[in-house]
Amino acid sequence: MDKWKFNLAQKQSMITSATAAVAAFLVLVLVALSFFIFIRGGNFFWPQNIHTIVYKRQDETLQTHFVRLDAKTMRVDEELLHFRYSSPEQLFDGQLTLNESNIISSEAAPSVAVVALKNGGSVIAKVTSITDFQGKRVGIEQFAKVTEQIDEYLQTINFVRQGELADIHRGLAAMDKRGVDEDAPARVKLAKRYYQLQDVIENVERKLDGYVLSVEFADNTSYPLFMQNVSEFYYPNEMNVGEKFLFALSAFGSFISDAPKLNNTSGGVFPALFGTIVMVLLMTILVTPFGVLAAVYLYEYAPQNKTTALIRISVNNLAGVPSIVYGVFGLGFFVFVVGESIDNILFGDDLNSTTFGAPGIFWASLTMAILTLPVVIVATEEGLRRVPQSLRDGSYALGATQAETIFKMILPIASPGIMTGVILAIARGAGEVAPLMLVGAVKFAPALPVDTEFPFVHLQRQFMHLGVLIYDGAFHSQNIGNGSSFIFACCLLLLLIVLSLNLIAIFIRNRLRKQYAQN
Amino acid sequence: MLKLFEHDKLDVNNLKPEQIAIEVKQLNLHFGQKQVLEDVNMAIPKNQVTALIGQSGCGKSSLISCFNRMNDLLHDCEVSGQVIISGQDIYHRKQNVATLRTQVGMVFQKPNPFPMSVFDNVSYGLKLQGVNERRKLDDAVEQALRETGLWTEVRDRLFESALTLSGGQQQRMVIARALALKPEILLLDEPTSALDPLATLHIEELLNQLKAQHTVIIVTHNMQQAARVSDYTAFIHQGKVIEYSDSDSLFTMPKQKRTESYITGRYG
Amino acid sequence: MAYIEINTHISVGFNKELENLKNSVLTMGGLLEQQLNDTLQALKTNNAGLAEKVVINDKEINSMEIQIDEECMRIIARRHPTASDLRLIMTIAKAIADIERMGDEIERIAKLISSSKVPDSDSLKSNMLVIGEHVLAMLKDTLDAFARLDLEAAQQTYQNDEEIDAQYKDLLSITILEMQQHSDELENWLEVLWALRSFERIGDRCKNVCEYVMFLVNGSDNRHT
């Protein structure tokens, strides 16, 4: 029987093991989460090898495609493979889902290229030749030169359209306004110039249309792509790991700097990234003074009685309110009540479109600030509590008033605590999606909240948000292929943003800690 | 007869008005229901070191915190009676407490340097007074640090954190911080109880020098310290001043039995 | 060898107090020296007035003893001296008792001179002067040793007492011989014996002071060894 009794040391070590096991599980979850997001998100940027597969269709006929593997999923007992392929009918969104048993053969296809189009799509096909506008065949090796030529043409068109043509339009419009005769010489002259320029553009466009990149699919059908739609092509099978990595990096670069394409399933996420960051920063600017001042009142000034205790409990409970409730509050109060009142006061009857009375980034930030306020208040109070009474006494004894003591001594010392609150607020604010969709975040916003147009900061504008993009992608793109890769890429980016905002805040906090270290 | 030793002693019960720094009249102090000080009457001589001794909780710390109204910060603390400094009752309703505290400096038990540089610490009080001129601050800081004998030790580290100083240096810096405001009176609430014996002696010697410019009042648990450092000593017991006289007499021939018992370490 | 440095305390006040205390002992010793010197002078010149002055001056020495005693007590109460400081104060407290008693012995001799009871014997007088000078020299050495806290000087002076004792014994036998020749003035001669004994006692007390100095400097007690 004694065999089953544990001695004290064994009991101790059991407790240690039990707690260590829990901690290990936690680490495992963290690693798994980051790994999963990283792999699936990274997949979006990584150039996958192209294969030629031959598979059996439902009608038992055989079909051949050049494909790229997007994902694998399990259904009951067999593995489903999700492929992307291109065909004349489905140039860049051909989806193929196959049981593994249906695939007859699969082999690497090194000679097949991925042709990236300017609209964000890509075509998987063999690149055969380039034809110029005179119908002359040009070697594929001339691709760079031809692209340059095409860029030149495009620039010319742009230049003419934006430059002289725009001036003429304005001139004509002005004449219309002044009521200049149809056959006035100046007007005729302008009109003539206008037609001349139109001719030039048409001419160039005709040339542009003449440049064709011929590609060939697996079934040996050839297909012409307009060169002006093609941005580049590459052979993923021929890349080594290093090249693939560099390619992924540059893909990531364009991901964070480009606008979304193809209905938020491809291209970049710059507007969403920008919107997220601006919203978080705006929220931080709003919530920090609010929370700090509230905490200062609660801890330093308010009499420590039941009312204060009640307020404190309420603040703590606010942190537990579901975020969508804040969203509804933001929409119902900020947008419809406050916003519309502002509109009425500012514009009154002249109002032709709602400005502040509609969801926008300011209301979104304000809502998020309210949502994260409890975090900041609680952390700041904790920071204030950590300032020893002896320092307060020291300050009072030197003739400082309470306000001087608070603002010159206590707040600087409590600043690391405040920063902790701000870090938590940022982490929460950057990750929250639900309330944002009610108060200003949209799937597609035509303009950024900050741009070069006066007054530069447009707080009433709607904005794009990574979280919304993910939510939208997860619920609205039904395909599991590239679209889901895009979502995971967004997730990865969101994680990186939260991480880097936190790192910045932690860096600041550590510096403050060092500066105001207690012994 | 040749007089070998000169000891100037004032009779603290019959001081001339110009010799008095603080006059306490009928001071009563209550914390809630508890009476902490009872009918305290004493005159503290100018430019002397006066020590308050007594057991823990006898009210000696409460008494000196009445002198710069630090007890105002405490919850339900009630004061009656008068404390007259420079001819004014500091409990008069027109008294500006912040101004009072610049005139009556205070140093606490544990060194409490602010987590800032030495310079910022010492200039803290002056900056609060609206002195922002760099040269004035520099001069004041140097003078205060010289007064505490700290200047040569810290002049190369003025802009380093005050927390890097040793305990004794910190406490002297805290004293310098109070001195920068040029207070008439300096209150010290057990200033050396957290320090090692040598640092303690340095502080005591410092007090001895400071009395040329300031009136020093020190509360101490340590009778030996009171004996070493003070010119006058008051023994306080259960909120009452039992005996108050020059330290020579008090420590050689106390008049009250309770004083005798306390300073000789007997139960009284 | 212990370190005796009076002037190196952190507390300037304590330094001053110790310095003052030591100086006051030296002042007291100086006065004593002066008294002995005056007494010898009075004996040599039969100057009753000078002897009278010595008797009066002894009060000064007594008052000094009381003052120094009080100061010692005050310093003990206020400064809580330890180690060499404590030994110094204890030494001083004891030494001044001896110095005061020396003053009393000198006063006794001076009284004898002032009352003109010294028998008219040249040999006696010269013998008394010899032992007196010797004692004076010893007193000087003792005070010097104390002033400089000089261990060697104290030890040497300590040895000198034996000579004085021997001298006293010789002088005693000579005096007894003379006494037998002057049996009519026996009362005066008895006084002379007392005076001689006083010289010898001064020597003994100097020896005591030397012992204190040795104790103070050495830190070990070699009395009664």
# chains A, B, ... in the order shown; residues from 1 in each chain; ligands from 1

call {"tool": "residues_around", "arguments": {"residues": "stretch 251-253 of chain B", "least_positions_apart": "2", "cutoff": "9 Å", "atoms": "only C-alpha atoms", "output": "MDAnalysis selection string"}}
result
(chainID B and resid 227 233 246:249 255 260 263) or (chainID C and resid 73:74 77:78)

call {"tool": "write_last_selection", "arguments": {"atoms": "all heavy atoms", "output": "tab-separated table (two decimals), in the first residue's frame"}}
result
chain	number	residue	atom	x	y	z
B	227	ALA	N	20.04	63.60	23.24
B	227	ALA	CA	21.07	64.13	24.14
B	227	ALA	C	22.22	64.72	23.35
B	227	ALA	O	22.75	65.78	23.68
B	227	ALA	CB	21.56	63.01	25.05
B	233	THR	N	15.25	70.03	25.31
B	233	THR	CA	14.54	68.77	25.13
B	233	THR	C	13.20	68.82	25.85
B	233	THR	O	13.12	69.33	26.97
B	233	THR	CB	15.37	67.60	25.68
B	233	THR	OG1	16.63	67.57	25.02
B	233	THR	CG2	14.66	66.28	25.46
B	246	ASP	N	16.52	72.70	29.28
B	246	ASP	CA	17.73	72.52	28.50
B	246	ASP	C	18.21	71.09	28.66
B	246	ASP	O	17.99	70.46	29.70
B	246	ASP	CB	18.80	73.54	28.92
B	246	ASP	CG	19.15	73.39	30.37
B	246	ASP	OD1	18.37	73.91	31.22
B	246	ASP	OD2	20.16	72.75	30.67
B	247	SER	N	18.85	70.59	27.61
B	247	SER	CA	19.17	69.17	27.58
B	247	SER	C	20.15	68.77	28.67
B	247	SER	O	20.07	67.67	29.20
B	247	SER	CB	19.76	68.80	26.23
B	247	SER	OG	18.88	69.21	25.22
B	248	ASP	N	21.08	69.69	29.05
B	248	ASP	CA	22.03	69.35	30.09
B	248	ASP	C	21.31	68.96	31.36
B	248	ASP	O	21.58	67.92	31.96
B	248	ASP	CB	22.93	70.56	30.39
B	248	ASP	CG	23.94	70.78	29.29
B	248	ASP	OD1	24.05	69.88	28.43
B	248	ASP	OD2	24.59	71.83	29.29
B	249	SER	N	20.37	69.79	31.76
B	249	SER	CA	19.66	69.50	32.99
B	249	SER	C	18.80	68.27	32.83
B	249	SER	O	18.78	67.40	33.70
B	249	SER	CB	18.74	70.67	33.37
B	249	SER	OG	19.42	71.87	33.18
B	255	LYS	N	13.79	66.67	36.50
B	255	LYS	CA	13.03	67.06	37.70
B	255	LYS	C	11.85	66.15	37.93
B	255	LYS	O	11.39	66.00	39.05
B	255	LYS	CB	12.55	68.51	37.55
B	255	LYS	CG	13.71	69.48	37.57
B	255	LYS	CD	13.22	70.90	37.64
B	255	LYS	CE	14.39	71.87	37.64
B	255	LYS	NZ	15.21	71.78	36.41
B	260	GLU	N	12.79	60.83	34.48
B	260	GLU	CA	13.89	60.02	34.99
B	260	GLU	C	13.69	58.55	34.56
B	260	GLU	O	14.60	57.92	34.02
B	260	GLU	CB	13.91	60.13	36.53
B	260	GLU	CG	14.87	59.18	37.22
B	260	GLU	CD	16.27	59.77	37.38
B	260	GLU	OE1	16.37	61.00	37.47
B	260	GLU	OE2	17.23	58.99	37.39
B	263	ILE	N	14.19	58.24	30.63
B	263	ILE	CA	15.53	58.37	30.06
B	263	ILE	C	16.51	57.36	30.67
B	263	ILE	O	17.56	57.10	30.10
B	263	ILE	CB	16.11	59.80	30.15
B	263	ILE	CG1	16.28	60.23	31.59
B	263	ILE	CG2	15.26	60.78	29.38
B	263	ILE	CD1	16.94	61.59	31.70
C	73	MET	N	30.37	64.58	33.87
C	73	MET	CA	29.05	63.98	33.98
C	73	MET	C	28.18	64.43	32.80
C	73	MET	O	27.47	63.65	32.17
C	73	MET	CB	28.41	64.40	35.30
C	73	MET	CG	27.11	63.69	35.56
C	73	MET	SD	26.54	64.00	37.22
C	73	MET	CE	25.78	65.57	37.07
C	74	ARG	N	28.27	65.74	32.50
C	74	ARG	CA	27.48	66.28	31.40
C	74	ARG	C	27.86	65.60	30.09
C	74	ARG	O	26.99	65.19	29.30
C	74	ARG	CB	27.73	67.78	31.28
C	74	ARG	CG	26.65	68.55	30.56
C	74	ARG	CD	27.09	69.98	30.31
C	74	ARG	NE	28.10	70.03	29.25
C	74	ARG	CZ	27.80	70.08	27.97
C	74	ARG	NH1	26.55	70.12	27.57
C	74	ARG	NH2	28.76	70.09	27.07
C	77	ALA	N	26.53	62.12	29.96
C	77	ALA	CA	25.09	62.11	29.74
C	77	ALA	C	24.74	62.51	28.31
C	77	ALA	O	23.83	61.96	27.70
C	77	ALA	CB	24.39	63.05	30.71
C	78	ARG	N	25.44	63.48	27.76
C	78	ARG	CA	25.05	64.03	26.46
C	78	ARG	C	25.69	63.29	25.29
C	78	ARG	O	25.12	63.18	24.22
C	78	ARG	CB	25.45	65.51	26.38
C	78	ARG	CG	24.68	66.41	27.33
C	78	ARG	CD	23.25	66.62	26.87
C	78	ARG	NE	23.16	67.18	25.54
C	78	ARG	CZ	23.18	68.47	25.29
C	78	ARG	NH1	23.28	69.34	26.27
C	78	ARG	NH2	23.09	68.91	24.06

call {"tool": "interface_residues", "arguments": {"of": "chain C", "to": "chain B", "cutoff": "9 Å", "atoms": "only C-alpha atoms", "output": "list in words"}}
result
Ile10, Ser11, Val12, Gly13, Phe14, Glu17, Asn20, Leu21, Ser24, Thr27, Lys59, Glu60, Ser63, Met64, Gln67, Ile68, Glu71, Met73, Arg74, Ile75, Ala77, Arg78, Arg79 and His80 of chain C

call {"tool": "write_last_selection", "arguments": {"atoms": "N, CA and C atoms", "output": "compact mmCIF listing (two decimals), in the first residue's frame"}}
result
# COMPACT_ATOMS: atom_id res chain seq x y z
N ILE C 10 33.23 63.31 14.22
CA ILE C 10 32.37 63.99 13.25
C ILE C 10 31.76 65.22 13.89
N SER C 11 31.40 65.07 15.17
CA SER C 11 30.77 66.18 15.87
C SER C 11 31.81 67.19 16.33
N VAL C 12 31.76 68.37 15.76
CA VAL C 12 32.70 69.43 16.11
C VAL C 12 32.52 69.80 17.58
N GLY C 13 31.28 69.80 18.01
CA GLY C 13 30.98 70.16 19.39
C GLY C 13 31.65 69.23 20.38
N PHE C 14 31.61 67.94 20.07
CA PHE C 14 32.22 66.94 20.94
C PHE C 14 33.73 67.16 21.00
N GLU C 17 34.41 70.01 23.23
CA GLU C 17 34.16 69.69 24.64
C GLU C 17 35.31 68.88 25.23
N ASN C 20 38.37 71.11 25.53
CA ASN C 20 38.20 71.99 26.68
C ASN C 20 38.43 71.26 27.99
N LEU C 21 37.88 70.05 28.03
CA LEU C 21 37.98 69.27 29.27
C LEU C 21 39.45 68.99 29.59
N SER C 24 41.23 72.06 30.59
CA SER C 24 40.90 72.51 31.94
C SER C 24 41.66 71.69 32.99
N THR C 27 44.98 73.16 33.00
CA THR C 27 44.94 74.43 33.73
C THR C 27 45.00 74.18 35.22
N LYS C 59 41.31 76.94 47.21
CA LYS C 59 39.87 76.95 46.96
C LYS C 59 39.58 76.91 45.46
N GLU C 60 40.45 77.63 44.73
CA GLU C 60 40.30 77.65 43.27
C GLU C 60 40.39 76.22 42.71
N SER C 63 37.31 74.32 43.46
CA SER C 63 36.19 74.70 42.57
C SER C 63 36.38 74.08 41.19
N MET C 64 37.63 74.07 40.75
CA MET C 64 37.90 73.47 39.43
C MET C 64 37.52 72.00 39.43
N GLN C 67 33.87 71.74 38.96
CA GLN C 67 33.45 72.08 37.60
C GLN C 67 33.78 70.97 36.61
N ILE C 68 35.00 70.46 36.75
CA ILE C 68 35.40 69.42 35.80
C ILE C 68 34.57 68.16 36.02
N GLU C 71 31.35 68.68 34.35
CA GLU C 71 31.47 68.63 32.89
C GLU C 71 31.61 67.18 32.42
N MET C 73 30.37 64.58 33.87
CA MET C 73 29.05 63.98 33.98
C MET C 73 28.18 64.43 32.80
N ARG C 74 28.27 65.74 32.50
CA ARG C 74 27.48 66.28 31.40
C ARG C 74 27.86 65.60 30.09
N ILE C 75 29.15 65.46 29.88
CA ILE C 75 29.58 64.85 28.62
C ILE C 75 29.14 63.40 28.56
N ALA C 77 26.53 62.12 29.96
CA ALA C 77 25.09 62.11 29.74
C ALA C 77 24.74 62.51 28.31
N ARG C 78 25.44 63.48 27.76
CA ARG C 78 25.05 64.03 26.46
C ARG C 78 25.69 63.29 25.29
N ARG C 79 26.96 62.85 25.48
CA ARG C 79 27.70 62.34 24.32
C ARG C 79 27.87 60.83 24.32
N HIS C 80 27.60 60.21 25.42
CA HIS C 80 27.76 58.77 25.52
C HIS C 80 29.10 58.33 24.96

call {"tool": "closest_residue", "arguments": {"among": "A:Tyr153, A:Trp363, A:Phe290, A:Phe66", "to": "A:Asp219", "atoms": "only C-alpha atoms"}}
result
A:Phe66

call {"tool": "residues_around", "arguments": {"residues": "C:Asn62", "least_positions_apart": "3", "cutoff": "10 Å", "atoms": "only C-alpha atoms", "output": "PDB file with N, CA, C and O atoms, in the first residue's frame"}}
result
ATOM      1  N   MET C  28      44.195  73.205  35.633  1.00  0.00           N
ATOM      2  CA  MET C  28      44.150  72.850  37.043  1.00  0.00           C
ATOM      3  C   MET C  28      45.529  72.356  37.501  1.00  0.00           C
ATOM      4  O   MET C  28      46.051  72.756  38.562  1.00  0.00           O
ATOM      5  N   ASN C  57      44.481  80.035  47.472  1.00  0.00           N
ATOM      6  CA  ASN C  57      44.333  79.547  46.091  1.00  0.00           C
ATOM      7  C   ASN C  57      43.821  78.111  46.006  1.00  0.00           C
ATOM      8  O   ASN C  57      43.312  77.685  44.984  1.00  0.00           O
ATOM      9  N   ASP C  58      43.994  77.379  47.084  1.00  0.00           N
ATOM     10  CA  ASP C  58      43.540  75.988  47.044  1.00  0.00           C
ATOM     11  C   ASP C  58      42.048  75.908  46.782  1.00  0.00           C
ATOM     12  O   ASP C  58      41.555  74.942  46.180  1.00  0.00           O
ATOM     13  N   LYS C  59      41.314  76.943  47.205  1.00  0.00           N
ATOM     14  CA  LYS C  59      39.869  76.953  46.957  1.00  0.00           C
ATOM     15  C   LYS C  59      39.580  76.914  45.456  1.00  0.00           C
ATOM     16  O   LYS C  59      38.615  76.300  45.002  1.00  0.00           O
ATOM     17  N   GLU C  65      37.846  71.314  40.508  1.00  0.00           N
ATOM     18  CA  GLU C  65      37.521  69.895  40.570  1.00  0.00           C
ATOM     19  C   GLU C  65      36.018  69.699  40.373  1.00  0.00           C
ATOM     20  O   GLU C  65      35.581  68.855  39.593  1.00  0.00           O
ATOM     21  N   ILE C  66      35.249  70.538  41.088  1.00  0.00           N
ATOM     22  CA  ILE C  66      33.787  70.388  40.986  1.00  0.00           C
ATOM     23  C   ILE C  66      33.320  70.666  39.554  1.00  0.00           C
ATOM     24  O   ILE C  66      32.528  69.912  38.972  1.00  0.00           O
ATOM     25  N   GLN C  67      33.874  71.740  38.964  1.00  0.00           N
ATOM     26  CA  GLN C  67      33.446  72.082  37.600  1.00  0.00           C
ATOM     27  C   GLN C  67      33.779  70.967  36.614  1.00  0.00           C
ATOM     28  O   GLN C  67      32.959  70.592  35.774  1.00  0.00           O
ATOM     29  N   ILE C  96      41.454  64.229  38.433  1.00  0.00           N
ATOM     30  CA  ILE C  96      41.219  65.498  39.135  1.00  0.00           C
ATOM     31  C   ILE C  96      41.002  65.273  40.621  1.00  0.00           C
ATOM     32  O   ILE C  96      41.330  66.135  41.429  1.00  0.00           O
ATOM     33  N   ALA C  97      40.477  64.088  40.982  1.00  0.00           N
ATOM     34  CA  ALA C  97      40.352  63.799  42.416  1.00  0.00           C
ATOM     35  C   ALA C  97      41.750  63.788  43.044  1.00  0.00           C
ATOM     36  O   ALA C  97      41.999  64.385  44.090  1.00  0.00           O
ATOM     37  N   ILE C  99      44.422  65.201  41.812  1.00  0.00           N
ATOM     38  CA  ILE C  99      45.010  66.546  41.745  1.00  0.00           C
ATOM     39  C   ILE C  99      44.487  67.405  42.889  1.00  0.00           C
ATOM     40  O   ILE C  99      45.231  68.144  43.543  1.00  0.00           O
ATOM     41  N   GLU C 100      43.196  67.246  43.120  1.00  0.00           N
ATOM     42  CA  GLU C 100      42.611  68.029  44.221  1.00  0.00           C
ATOM     43  C   GLU C 100      43.263  67.650  45.549  1.00  0.00           C
ATOM     44  O   GLU C 100      43.585  68.500  46.378  1.00  0.00           O
ATOM     45  N   ARG C 101      43.470  66.321  45.711  1.00  0.00           N
ATOM     46  CA  ARG C 101      44.092  65.888  46.972  1.00  0.00           C
ATOM     47  C   ARG C 101      45.524  66.404  47.066  1.00  0.00           C
ATOM     48  O   ARG C 101      45.996  66.807  48.132  1.00  0.00           O
ATOM     49  N   GLY C 103      46.471  69.159  45.878  1.00  0.00           N
ATOM     50  CA  GLY C 103      46.273  70.551  46.301  1.00  0.00           C
ATOM     51  C   GLY C 103      46.129  70.621  47.813  1.00  0.00           C
ATOM     52  O   GLY C 103      46.724  71.492  48.469  1.00  0.00           O
ATOM     53  N   ASP C 104      45.367  69.684  48.368  1.00  0.00           N
ATOM     54  CA  ASP C 104      45.169  69.682  49.803  1.00  0.00           C
ATOM     55  C   ASP C 104      46.489  69.455  50.549  1.00  0.00           C
ATOM     56  O   ASP C 104      46.774  70.098  51.574  1.00  0.00           O
TER      57      ASP C 104
END

call {"tool": "residues_around", "arguments": {"residues": "stretch 114-131 of chain C", "least_positions_apart": "4", "cutoff": "9 Å", "atoms": "only C-alpha atoms", "output": "ChimeraX atom specification"}}
result
/C:40-44,46-52,55,109-110,135-136,164,167-168,171,174-175,178,185,188-189,191-192,195-196,199-200

call {"tool": "interface_residues", "arguments": {"of": "chain B", "to": "chain A", "cutoff": "9 Å", "atoms": "only C-alpha atoms", "output": "PyMOL selection string"}}
result
chain B and resi 68+70+73+97-108+110-116+124-126+128-129+161+163-164+174+177-178+181

call {"tool": "atom_distance", "arguments": {"atom1": "atom CA of A:Gly473", "atom2": "atom CA of A:Ile39"}}
result
18.1 Å
